[in-house]
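Below is one structure, written out as structure tokens, with a few remarks after it.
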Amino acid sequence: MRARIAVLASGGGSNLQAILDHLAALGERRAGDVVLVASDRPAARALDRARARGIATAVIRTSAHPEGTPIGTVLRDARVDYVVLAGYLRLVPADVVRAYAGRMVNVHP
């Protein structure tokens, strides 16, 4: 069974695109699938990239976007195994970091 990966991004999603392209190039040999892309910005291009590929999206609750869903809830509801911070520009709450200890990676453009 493939790992379920969530990607958190705040902007255009260039790192997300690189991840998706790499997994696609691996084809059936890939060990995981991106099942969720979430952002703290409702207009983030990363969300558009995800929707274009049929990947679930979510907007994370912030003070600027209180209508969003708490980050822990978003990840738990998507049953993700790994979290990739791909140009995500917010501090991840300590309880979420603890919940995904050893299963979270941070990449920057």
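Residues are referred to by chain and number: the chain letter is A, B, ... according to the order shown in the structure tokens, the number counts from 1 in that chain, and ligands are numbered separately from 1 in the order shown.
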- Task: List every residue of chain A that DSSP, applied to the backbone of this structure, assigns to alpha helix (DSSP H), and report them as a PyMOL selection string.
- Result: chain A and resi 14-26+45-52+71-77+94-99
- Task: With a distance cut-off of 9 Å and only C-alpha atoms, select the neighbouring residues of Arg49 (chain A), excluding the residue or stretch itself and same-chain residues fewer than 5 positions from it, and output the selection as a ChimeraX atom specification.
- Result: /A:12-13,16-17,54-55
Now that the selection is made, can you save its residues with N, CA and C atoms as an mmCIF file, in the first residue's frame?
```cif
data_model
loop_
_atom_site.group_PDB
_atom_site.id
_atom_site.type_symbol
_atom_site.label_atom_id
_atom_site.label_comp_id
_atom_site.auth_asym_id
_atom_site.auth_seq_id
_atom_site.Cartn_x
_atom_site.Cartn_y
_atom_site.Cartn_z
ATOM 1 N N GLY A 12 2.630 29.607 -5.062
ATOM 2 C CA GLY A 12 2.392 29.124 -6.413
ATOM 3 C C GLY A 12 2.436 27.623 -6.596
ATOM 4 N N GLY A 13 3.108 26.941 -5.723
ATOM 5 C CA GLY A 13 3.141 25.485 -5.815
ATOM 6 C C GLY A 13 4.214 24.915 -6.716
ATOM 7 N N LEU A 16 5.425 21.822 -5.099
ATOM 8 C CA LEU A 16 4.370 20.819 -5.258
ATOM 9 C C LEU A 16 4.439 20.215 -6.652
ATOM 10 N N GLN A 17 4.563 21.057 -7.653
ATOM 11 C CA GLN A 17 4.625 20.571 -9.033
ATOM 12 C C GLN A 17 5.800 19.634 -9.239
ATOM 13 N N GLY A 54 -6.959 16.433 -9.665
ATOM 14 C CA GLY A 54 -7.943 15.659 -8.926
ATOM 15 C C GLY A 54 -7.544 15.356 -7.495
ATOM 16 N N ILE A 55 -6.653 16.151 -6.923
ATOM 17 C CA ILE A 55 -6.192 15.959 -5.551
ATOM 18 C C ILE A 55 -7.049 16.822 -4.625
#
```
- Message: Given only C-alpha atoms as the basis, pick out the residue of A:Ala18, A:Ala58, A:Ala25, A:Met104 nearest to Leu85 (chain A).
- Response: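 Using only C-alpha atoms, the shortest distance to Leu85 (chain A) belongs to A:Met104.
For the choices A:Val96, A:Val59, A:Ala52, A:Ala64, the atom-to-atom distance to Arg76 (chain A) is smallest for A:Val96 when using only C-alpha atoms.
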- Query: Skipping near chain neighbours, those fewer than 3 positions away, what residues fall within 8 Å of Ile5 (chain A) using only C-alpha atoms, listed as a ChimeraX atom specification?
  - Reply: /A:32-36,80-84
- Go through A:Gly87, A:Gly27, A:Pro42, A:Gly11 and flag the residue nearest Ile60 (chain A), using only C-alpha atoms for the distances. A:Pro42
- So how far away is CA of Ser10 (chain A) from CA of Asn106 (chain A), in Å?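 Result for CA of Asn106 (chain A) versus CA of Ser10 (chain A): 12.7 Å, one decimal.
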- Could you name the residues that touch Ser63 (chain A) at 12 Å or less, counting only C-alpha atoms, but leaving out those on the same chain fewer than 3 positions away, as number ranges by chain? A: 40-41, 60, 66-70, 90
- Query: Of the residues A:Leu20, A:His65, A:Leu26, A:Ala31, which is the one nearest to Ala50 (chain A), using only C-alpha atoms?
  - Reply: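 For Ala50 (chain A), the nearest of the given residues is A:Leu20.
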- Of the residues A:Ala56, A:Leu47, A:Met1, A:Val107, which is the one nearest to Leu89 (chain A), using only C-alpha atoms? A:Val107
- Counting only C-alpha atoms, closest pick from A:Arg103, A:Gly72, A:Ala24, A:Arg30 relative to Arg53 (chain A) is A:Ala24
- Shell around Val37 (chain A) at 6 Å using only C-alpha atoms, local window under 3 positions removed, as a list in words: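 That gives Ala6, Val7, Leu8 and Thr57 of chain A.
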